[in-house]
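K.L.:
Hey, dropping run.txt in here, compact mmCIF, C-alpha atoms:
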# COMPACT_ATOMS: atom_id res chain seq x y z
CA MET A 1 75.36 89.32 140.55
CA SER A 2 77.90 86.77 139.40
CA THR A 3 80.40 85.83 136.74
CA VAL A 4 78.95 83.71 133.95
CA LEU A 5 80.98 81.13 132.02
CA ILE A 6 79.65 80.57 128.51
CA THR A 7 80.76 77.48 126.59
CA HIS A 8 79.37 74.58 124.59
CA PRO A 9 80.34 70.93 123.95
CA ALA A 10 80.27 71.65 120.20
CA CYS A 11 83.47 73.68 120.66
CA LEU A 12 85.19 70.35 121.32
CA GLY A 13 84.03 69.10 117.92
CA HIS A 14 86.38 71.39 116.01
CA GLU A 15 89.21 68.93 115.22
CA PRO A 16 91.97 70.55 113.13
CA GLY A 17 94.18 67.46 113.19
CA GLU A 18 96.03 65.19 115.59
CA HIS A 19 99.14 67.34 116.02
CA HIS A 20 97.56 70.76 115.65
CA PRO A 21 98.26 73.03 118.65
CA GLU A 22 94.72 74.45 118.66
CA SER A 23 93.30 71.16 119.90
CA PRO A 24 90.14 70.27 121.85
CA GLN A 25 92.43 69.44 124.78
CA ARG A 26 92.87 73.16 125.33
CA LEU A 27 89.22 73.60 126.20
CA ARG A 28 89.06 70.37 128.20
CA ALA A 29 91.97 71.58 130.36
CA ILE A 30 90.28 74.93 130.97
CA LEU A 31 86.90 73.46 131.87
CA ALA A 32 88.50 70.94 134.23
CA ALA A 33 90.32 73.76 136.04
CA LEU A 34 87.12 75.80 136.36
CA LYS A 35 85.30 72.89 138.03
CA ALA A 36 87.49 73.24 141.12
CA ASP A 37 85.69 74.04 144.38
CA GLU A 38 86.92 77.64 144.41
CA PHE A 39 84.87 78.29 141.26
CA ALA A 40 81.63 76.91 142.69
CA GLY A 41 80.05 80.36 142.35
CA LEU A 42 80.69 80.46 138.60
CA ARG A 43 77.42 80.29 136.66
CA TRP A 44 77.69 78.02 133.60
CA GLN A 45 75.65 78.75 130.48
CA GLU A 46 75.47 77.03 127.09
CA ALA A 47 76.50 79.14 124.12
CA PRO A 48 73.90 79.64 121.40
CA GLU A 49 74.80 79.67 117.73
CA ALA A 50 75.40 83.16 116.41
CA SER A 51 72.75 84.24 113.94
CA ARG A 52 73.52 85.25 110.37
CA GLU A 53 72.53 88.81 111.27
CA GLU A 54 75.04 88.86 114.14
CA LEU A 55 77.85 87.46 111.98
CA MET A 56 77.08 89.88 109.15
CA ARG A 57 77.65 92.91 111.37
CA VAL A 58 81.35 92.13 110.77
CA HIS A 59 81.56 89.65 107.88
CA PRO A 60 79.95 90.02 104.42
CA GLU A 61 77.19 87.54 103.59
CA GLU A 62 79.36 85.80 100.98
CA TYR A 63 82.05 85.18 103.59
CA VAL A 64 79.59 83.77 106.13
CA ASP A 65 78.10 81.47 103.50
CA ALA A 66 81.52 80.31 102.34
CA ILE A 67 82.64 79.34 105.85
CA LEU A 68 79.39 77.60 106.76
CA ARG A 69 79.39 75.58 103.54
CA ILE A 70 82.67 73.90 104.52
CA ARG A 71 81.45 70.70 106.17
CA PRO A 72 83.97 67.90 105.54
CA GLU A 73 83.00 64.28 105.99
CA ALA A 74 83.90 62.63 109.30
CA ASP A 75 87.65 62.01 109.64
CA GLU A 76 88.39 64.43 106.79
CA LEU A 77 89.81 67.95 106.95
CA ALA A 78 89.41 71.01 104.74
CA MET A 79 92.47 73.26 104.61
CA ILE A 80 91.64 76.97 104.77
CA ASP A 81 95.28 78.04 104.89
CA GLY A 82 98.50 76.45 106.07
CA ASP A 83 97.53 76.73 109.74
CA THR A 84 93.73 76.80 109.64
CA LEU A 85 91.71 73.65 109.03
CA MET A 86 88.08 72.66 109.39
CA SER A 87 86.60 69.31 110.36
CA ALA A 88 83.01 68.07 110.31
CA GLY A 89 82.27 69.89 113.57
CA SER A 90 84.11 73.13 112.87
CA ALA A 91 81.24 75.16 111.42
CA GLU A 92 79.03 74.58 114.46
CA ALA A 93 81.96 75.24 116.81
CA ALA A 94 82.62 78.56 115.07
CA LEU A 95 78.95 79.52 115.32
CA ARG A 96 78.94 78.66 119.03
CA ALA A 97 82.19 80.56 119.63
CA ALA A 98 80.81 83.75 118.12
CA GLY A 99 77.45 83.12 119.75
CA ALA A 100 79.09 82.77 123.16
CA VAL A 101 80.54 86.28 122.95
CA VAL A 102 77.17 87.64 121.83
CA ALA A 103 75.48 85.87 124.77
CA ALA A 104 78.16 87.19 127.13
CA VAL A 105 77.47 90.74 125.94
CA ASP A 106 73.74 90.16 126.47
CA ALA A 107 74.24 88.83 129.99
CA VAL A 108 76.41 91.76 131.06
CA ALA A 109 74.46 94.48 129.24
CA ASP A 110 71.13 93.22 130.58
CA GLY A 111 72.46 93.13 134.14
CA GLN A 112 72.17 89.34 134.45
CA ALA A 113 75.88 89.01 135.30
CA SER A 114 78.65 91.25 136.58
CA ASN A 115 80.99 90.01 133.87
CA ALA A 116 81.40 86.99 131.60
CA PHE A 117 84.04 84.66 130.19
CA ALA A 118 83.48 82.83 126.89
CA ALA A 119 85.47 79.59 127.03
CA VAL A 120 85.29 78.69 123.37
CA ARG A 121 87.22 77.64 120.32
CA PRO A 122 88.09 78.24 117.52
CA PRO A 123 89.56 81.61 118.49
CA GLY A 124 88.73 84.68 116.46
CA HIS A 125 91.10 87.64 116.53
CA HIS A 126 92.97 86.75 113.30
CA ALA A 127 89.81 86.51 111.17
CA THR A 128 89.41 89.74 109.22
CA PRO A 129 85.98 90.60 107.80
CA THR A 130 86.88 88.78 104.55
CA VAL A 131 89.82 86.45 105.29
CA PRO A 132 90.06 83.58 107.82
CA GLY A 133 93.41 82.42 109.16
CA GLY A 134 95.64 81.95 112.17
CA PHE A 135 93.30 79.20 113.48
CA CYS A 136 90.36 81.69 113.30
CA LEU A 137 87.12 81.56 111.29
CA PHE A 138 84.81 84.29 112.65
CA SER A 139 85.95 87.47 114.41
CA ASN A 140 84.32 86.61 117.74
CA VAL A 141 85.10 89.69 119.82
CA ALA A 142 84.44 92.12 116.97
CA ILE A 143 81.05 90.46 116.49
CA GLY A 144 80.43 90.92 120.22
CA ALA A 145 81.41 94.59 120.05
CA ARG A 146 79.08 95.27 117.12
CA HIS A 147 76.29 93.44 118.94
CA ALA A 148 76.79 95.64 121.99
CA GLN A 149 76.43 98.73 119.83
CA VAL A 150 73.47 97.59 117.73
CA ARG A 151 71.44 95.50 120.16
CA HIS A 152 72.13 97.36 123.41
CA GLY A 153 72.93 100.89 122.28
CA ILE A 154 76.33 100.74 123.98
CA GLU A 155 78.11 103.52 122.14
CA LYS A 156 81.83 103.06 122.85
CA VAL A 157 83.33 99.59 123.09
CA ALA A 158 86.99 98.88 123.83
CA ILE A 159 88.72 95.61 122.90
CA LEU A 160 91.94 94.79 124.76
CA ASP A 161 94.13 91.97 123.49
CA PHE A 162 97.05 90.45 125.41
CA ASP A 163 97.46 87.39 123.19
CA VAL A 164 101.06 86.94 122.03
CA HIS A 165 99.97 87.39 118.40
CA HIS A 166 98.59 90.65 117.05
CA GLY A 167 94.85 90.49 116.35
CA GLN A 168 94.86 91.98 112.87
CA GLY A 169 91.36 90.66 112.27
CA THR A 170 89.91 92.54 115.22
CA GLN A 171 91.87 95.64 114.30
CA ALA A 172 90.44 95.61 110.78
CA THR A 173 86.97 96.16 112.24
CA VAL A 174 88.03 98.63 114.91
CA GLU A 175 90.36 100.92 112.98
CA ILE A 176 87.61 102.33 110.77
CA ASP A 177 85.18 103.14 113.60
CA PRO A 178 86.05 105.92 116.09
CA LEU A 179 83.52 104.47 118.55
CA LEU A 180 85.62 101.32 118.87
CA PHE A 181 89.06 101.02 120.52
CA TYR A 182 91.72 98.34 120.17
CA GLY A 183 94.77 97.98 122.41
CA SER A 184 97.28 95.16 122.00
CA THR A 185 100.61 93.90 123.24
CA HIS A 186 102.14 91.17 121.10
CA GLN A 187 105.49 89.68 120.18
CA SER A 188 107.18 91.29 117.18
CA PRO A 189 108.51 90.41 114.68
CA PHE A 190 106.10 87.48 114.69
CA TYR A 191 102.95 86.16 113.04
CA PRO A 192 100.93 87.80 111.49
CA GLY A 193 103.46 90.60 110.89
CA THR A 194 101.06 93.42 111.72
CA GLY A 195 100.66 95.54 114.85
CA SER A 196 103.12 98.36 114.32
CA PRO A 197 102.78 101.39 116.62
CA ARG A 198 102.21 103.37 113.41
CA GLU A 199 98.85 101.59 113.00
CA ARG A 200 96.70 104.03 114.95
CA GLY A 201 93.22 103.80 113.47
CA ILE A 202 90.95 106.50 112.12
CA ASP A 203 90.92 108.52 115.36
CA ASP A 204 93.92 107.29 117.38
CA ASN A 205 91.62 104.47 118.48
CA VAL A 206 94.24 101.75 117.93
CA VAL A 207 97.23 101.36 120.26
CA ASN A 208 99.78 98.67 119.42
CA VAL A 209 102.80 98.03 121.63
CA PRO A 210 105.06 95.34 120.12
CA LEU A 211 107.32 93.41 122.48
CA THR A 212 110.56 91.75 121.42
CA ALA A 213 111.23 88.07 122.03
CA ASN A 214 112.15 87.26 125.64
CA SER A 215 110.31 90.29 127.01
CA GLY A 216 108.78 89.54 130.39
CA SER A 217 106.71 91.02 133.16
CA LYS A 218 108.54 94.36 133.33
CA GLU A 219 108.12 95.14 129.64
CA PHE A 220 104.53 93.84 129.52
CA ARG A 221 103.35 95.84 132.52
CA ALA A 222 105.10 98.98 131.28
CA ALA A 223 103.45 98.64 127.86
CA TRP A 224 100.02 98.45 129.42
CA GLY A 225 100.57 100.85 132.30
CA ASP A 226 102.39 103.57 130.36
CA ARG A 227 100.85 103.29 126.89
CA ILE A 228 97.61 101.37 126.50
CA LEU A 229 95.72 101.93 129.74
CA PRO A 230 96.08 105.75 129.70
CA GLN A 231 94.70 105.88 126.16
CA LEU A 232 91.94 103.47 127.12
CA GLU A 233 90.95 105.76 129.98
CA ARG A 234 90.86 108.74 127.60
CA PHE A 235 88.65 106.76 125.25
CA ALA A 236 86.24 106.21 128.20
CA PRO A 237 84.60 102.95 127.10
CA ASP A 238 81.02 102.03 127.85
CA MET A 239 81.94 98.33 127.69
CA VAL A 240 85.26 96.47 127.84
CA ILE A 241 85.83 93.27 125.83
CA VAL A 242 89.00 91.24 126.39
CA SER A 243 90.71 89.02 123.83
CA ALA A 244 92.15 86.71 126.46
CA GLY A 245 95.02 84.83 124.88
CA PHE A 246 97.51 83.20 127.24
CA ASP A 247 100.26 82.22 124.79
CA ALA A 248 102.58 84.96 126.05
CA HIS A 249 103.23 82.66 129.02
CA LEU A 250 106.86 81.59 129.35
CA ARG A 251 105.84 77.91 129.05
CA ASP A 252 104.04 78.36 125.74
CA PRO A 253 105.65 76.42 122.87
CA LEU A 254 104.57 78.74 120.04
CA ALA A 255 106.12 82.03 121.18
CA GLN A 256 109.00 83.59 123.08
CA LEU A 257 107.55 86.04 125.59
CA ARG A 258 108.13 85.28 129.25
CA LEU A 259 105.00 86.22 131.16
CA THR A 260 103.89 84.39 134.28
CA THR A 261 100.44 83.56 135.55
CA GLU A 262 100.73 86.55 137.91
CA ASP A 263 100.97 88.88 134.92
CA PHE A 264 97.57 87.70 133.71
CA THR A 265 96.19 88.25 137.19
CA TRP A 266 97.58 91.79 137.11
CA ILE A 267 96.26 92.80 133.68
CA THR A 268 92.84 91.35 134.44
CA GLY A 269 92.70 93.45 137.59
CA GLU A 270 93.72 96.59 135.70
CA LEU A 271 91.03 96.07 133.07
CA MET A 272 88.44 95.33 135.75
CA THR A 273 89.31 98.62 137.47
CA ILE A 274 88.78 100.63 134.27
CA ALA A 275 85.54 98.77 133.57
CA ARG A 276 84.26 99.64 137.06
CA GLN A 277 85.33 103.27 136.79
CA GLN A 278 84.13 104.01 133.27
CA ALA A 279 81.89 101.23 131.97
CA ARG A 280 79.65 100.44 134.95
CA GLY A 281 81.68 97.27 135.44
CA ARG A 282 80.63 95.85 132.09
CA LEU A 283 83.39 93.48 131.01
CA VAL A 284 83.29 90.48 128.67
CA SER A 285 86.26 88.19 128.09
CA ALA A 286 86.75 85.59 125.36
CA LEU A 287 89.42 82.92 124.96
CA GLU A 288 91.98 83.34 122.20
CA GLY A 289 95.35 81.51 122.26
CA GLY A 290 97.39 79.49 124.77
CA TYR A 291 98.96 76.15 123.86
CA ASP A 292 100.75 74.72 126.90
CA LEU A 293 97.88 72.96 128.65
CA THR A 294 99.17 73.44 132.20
CA ALA A 295 100.03 77.11 131.71
CA LEU A 296 96.74 77.69 129.90
CA ALA A 297 94.62 76.11 132.63
CA ASP A 298 96.50 77.95 135.39
CA SER A 299 96.31 81.29 133.57
CA VAL A 300 92.60 81.02 132.77
CA ALA A 301 91.92 80.07 136.39
CA ALA A 302 93.83 83.17 137.52
CA HIS A 303 91.90 85.32 135.02
CA VAL A 304 88.50 84.02 136.13
CA ARG A 305 89.48 84.26 139.79
CA VAL A 306 89.87 88.02 139.34
CA LEU A 307 86.63 88.29 137.37
CA MET A 308 84.83 86.60 140.25
CA GLY A 309 86.51 88.82 142.83
CA ASN A 310 88.14 85.80 144.52
Translate the structure of the given file into structure tokens.
P.N.:
Amino acid sequence: MSTVLITHPACLGHEPGEHHPESPQRLRAILAALKADEFAGLRWQEAPEASREELMRVHPEEYVDAILRIRPEADELAMIDGDTLMSAGSAEAALRAAGAVVAAVDAVADGQASNAFAAVRPPGHHATPTVPGGFCLFSNVAIGARHAQVRHGIEKVAILDFDVHHGQGTQATVEIDPLLFYGSTHQSPFYPGTGSPRERGIDDNVVNVPLTANSGSKEFRAAWGDRILPQLERFAPDMVIVSAGFDAHLRDPLAQLRLTTEDFTWITGELMTIARQQARGRLVSALEGGYDLTALADSVAAHVRVLMGN
């Protein structure tokens, strides 16, 4: 089997404004990097649109309808909050982003791929079931986790998040369900202001390890190796889903952690090992943040290199 890359040109049509950091150039840089010869074995697949049923496993119908009704005219923007905007192409991009994670779960669960990476935007981990924000419209990985449970009968799903921002949207879905797990490192104090170690979920199924500004490889690897990974192993997931944000990189302009590309190689390898040992290798990864184009492209390439076993 192989690694499948799931993406769609519509994800480039989400245009939140000329100077917005969550720009289409992010995805262009990633896709250009993954067209290098070393990734020739990567299987590319177009993302479908998520169905209403799939979205409504996380978001209420009124929320789904409200987001999908926002269709500005060309060259206009609709402001959702101070950081989150929608353009004419944003609704389709959001449907494709959520649909990519659903398709990735299908490919891995059905044995069509060893693992999968959803290269999509807008990101999703800040969208709670009822509130968008932080550049996010639909809770992509939470939708994928619910799909794994409902469509494939995969009982226990773990979501691991190494984005520099805490994924309060994902956590809102996970913390009330003991069959879901959420583990996160993130800069603190920082947006969105959540992610305290005291937030532990209904059954100790949430593990947050905040990192102070200027923390680097040592602190990051200790947080995962000493805190999150042991609890993940005790949870014994049947599938692993990764919120793969790369804005903890030292080059990133929006944050102050000091990770290197090698740190993303390391954590990907650790999560792959647990997936092989406990989840029959079933691992799905989805893009979240990362705003320095060079660091983002290099880090995603490193991440996918490990997924492919290169």
K.L.:
Counting all atoms listed in the file, figure out which residue out of A:Val131, A:Ala118, A:Leu31, A:Leu137 gets nearest to A:Ile6.
P.N.:
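Answer, going by the shortest atom-to-atom distance: A:Ala118.
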K.L.:
Which residues come within 8 Å of stretch 212-214 of chain A, counting only C-alpha atoms, excluding same-chain residues fewer than 4 positions away, as a list in words?
P.N.:
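Skipping anything fewer than 4 positions along the chain leaves Gln187, Ser188, Pro189, Ala255, Gln256, Leu257 and Arg258 of chain A.
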K.L.:
Have a look at A:Glu61, A:Glu175, A:Asp110, A:Glu22 and name the one nearest to A:Asp83; count only C-alpha atoms.
P.N.:
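Comparing A:Glu61, A:Glu175, A:Asp110, A:Glu22 against A:Asp83, the winner is A:Glu22.
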K.L.:
Which neighbours of stretch 286-303 of chain A fall inside 7 Å, counting all atoms listed in the file, when residues of the same chain fewer than 6 positions from it are skipped, and could you give them as number ranges by chain?
P.N.:
A: 21-22, 26, 29-30, 33-34, 101, 117-120, 123-124, 163, 242-247, 249, 251-253, 261, 264-265, 268
K.L.:
Please determine, counting only C-alpha atoms, which residue among A:Asp106, A:Pro129, A:Gly193, A:Gln112 has the shortest atom-to-atom distance to A:Arg151.
P.N.:
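Using only C-alpha atoms, A:Arg151 sits closest to A:Asp106.
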K.L.:
Go ahead and find all residues with at least one atom no further than 9 Å from (76.2, 83.7, 122.1) in the file's coordinates, using all atoms listed in the file; report them as a list in words.
P.N.:
Ile6, Thr7, Glu46, Ala47, Pro48, Glu49, Ala50, Ser51, Leu95, Arg96, Ala97, Ala98, Gly99, Ala100, Val101, Val102, Ala103, Ala104, Val105, Asp106, Ala118 and Gly144 of chain A
K.L.:
Mind pulling up the distance from atom CA of A:Arg276 to atom CA of A:Pro122?
P.N.:
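Straight-line distance from atom CA of A:Pro122 to atom CA of A:Arg276 works out to 29.2 Å.
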K.L.:
Considering only C-alpha atoms, can you say which of A:Val284, A:Cys11, A:Ala74, A:Val209 comes closest to A:Arg221?
P.N.:
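Distance minimum relative to A:Arg221 lands on A:Val209.
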